[in-house]
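Encoded as structure tokens, the structure appears first; notes follow it.
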Amino acid sequence: MVIEEWKKSGIATKFPTYRNSPLITTHSWQKGKRQDDRAEGLWRIYDGIYDFTEFIDKHPGGPFWIRETKGTDITEAFEAHHLTTTPEKLIAKYKVKDAAEPRIYTLTLEEGGFYKTLKKRVREKLQTVDKRPKRKSDMIHLGILVSLFLFAIASAKYNSIVALVLAGVALCWTVIVSHNYFHRSDNWQMYAFNLGLMNFAAWRVSHALSHHIYPNSYFDLELSMFEPLLCWVPNPHIKSKLMRYVSWVTEPVAYALAFFIQIGTRIFYSLRHTNILYWHDLLPLSIPIAIYLGTGGSLGVWICVRQWLAMTSIASFSFCLIGLNAAHHDPEIYHEGDANREDRDWGLFQVDTIIDRGDLKWSQFLVLTHFGDHVLHHLFPTLDHGLLPALYPVLYETLDEFKGHLRECNHIEHMIGQHKQLLRIEPNPRAPGAGK
């Protein structure tokens with residue numbers, strides 16, 4: 001079958017099936033990936049087919065990661081989520097056969113390539129790294145979580161706009177910092193992510209398995225879920241130049257409603273198609289309940305709900321203002337359709353899709369609450385952000401060796417670049433690493 005020119009992907013041999021869905025969700029993404037990935041109904045790693053059915057409940061990272069990836073190619077996810085060599089040895093007994101067809105993904109993970117070389121050096125470096133910053137991350141998370149409820153109660157009790165805004169910001173930061181935890185094995189901190197009306201289980205798919213693995217490509221669910229409101233793919237077939245200017249106007253509204261759209265879409269899909277809701281989708285209700293109890297029940301239920309909805313809208317706006325201007329969208333960053341680097345290493349592809357926030361590195365608090373140290377986080381998502389600063393020497397060394405470049409800018413520059421990217425419809429003909 002001939003693929004239309006604008007549908008050709010820079011990282012795969014086919015256009016993802018899920019993008020043809022009338023309503024794009026994590027479930028439609030997973031369903032499409034099972035159709036596309038040539039995993040033969042099981043789990044694919046490189047050119048091997050594995051049956052992990054008996055391993056699902058034994059997986060140290062929790063059953064979710066294995067259960068939800070059945071029928072798909074998990075090659076990149078397997079490499080990125082396992083730093084040691086033990087998992088590679090462990091899975092050998094679960095291999096059932098060689099794959100019948102080649103992989104559809106064209107990025108590489110070769111021994112001696114950028115990512116495998118960096119991964120080995122990071123593994124060695126971690127043996128001597130101070131682990132105390134990881135404890136500091138836990139304390140920052142707990143402190144913000146507690147402040148969220150205190151500000152929420154104060155906003156209602158004293159009818160304080162200042163406390164309401166602080167509660168919204170605290171909710172935003174709680175969600176962002178909790179994202180540091182859902183990449184790992186199951187833990188209590190990841191449940192705090194749900195306080196923002198989103199769900200860590202859904203984001204383990206849309207963020208950890210989609211965006212982290214295939215950033216800025218057609219396979220990146222975090223790109224397609226914002227379309228047509230916001231479109232960063234430089235392609236007029238997806239959104240015209242005129243509508244891209246309109247998105248500058250609708251952008252603030254999209255920011256304020258993003259959290260509500262997330263839960264609304266999942267409720268609608270569950271009612272019309274397959275249930276994708278969980279018991280922990282009820283956790284956000286703990287906020288209005290806390291407001292009601294914290295004010296001694298003296299306020300009406302509606303006032304408590306009103307305060308909750310207002311602070312959630314503030315949190316949603318803040319989350320998008322930070323997250324969508326954090327790393328990935330600028331005309332200088334690779335997006336689907338742009339010219340590819342000659343070296344197709346998966347790790348270099350990650351570097352090419354990111355410009356880091358250089359203005360955050362001095363503060364662990366700011367890194368945690370503003371998606372800082374983004375390149376290293378994409379390359380090694382299971383590591384706590386507190387450990388990442390110690391890895392920069394080996395990152396710089398390996399980038400120099402493989403002609404990569406870590407780009408940085410501040411938040412204002414990111415915001416300007418992100419809006420320029422919203423308007424861009426022509427692909428960049430200059431490949432990353434090709435020079436000026």
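Letters A, B, ... mark the chains of the structure tokens in the order given; residue numbers begin at 1 per chain; ligand numbers begin at 1, in order shown.
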
Fewer than 6 positions away in the same chain doesn't count, so skip those; otherwise give me all residues within 10 Å of stretch 219-227 of chain A, counting only C-alpha atoms, as a PyMOL selection string. chain A and resi 9+11-12+15-19+23-26+29+33+203+205-207+209-213+233+238-239+254+258+262+336

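Close contacts of stretch 111-123 of chain A, defined as residues with an atom at most 8 Å away when counting only C-alpha atoms, with chain neighbours fewer than 3 positions off set aside, comprise A:Leu83, A:Thr84, A:Leu126, A:Gln127, A:Asp345, A:Trp346, A:Gly347, A:Leu348, A:Leu391, A:Val394, A:Leu395, A:Thr398, A:Leu399, A:Phe402.
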
Based on the backbone DSSP call, show me all residues of stretch 66-235 of chain A assigned strand (DSSP E), as a PyMOL selection string. chain A and resi 72-73+95-98

Using only C-alpha atoms, which of A:Pro133, A:Pro236, A:Pro87, A:Pro215 sits nearest A:Gly386?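 Looking at the shortest contact to A:Gly386, the residue is A:Pro133.
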
Go through A:Val96, A:Ala327, A:Cys320, A:Ile49 one by one, measure the shortest atom-to-atom distance of each to A:Asp73 using only C-alpha atoms, and give the residue with the smallest value.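 Looking only at the distances to A:Asp73, the closest residue turns out to be A:Ile49.
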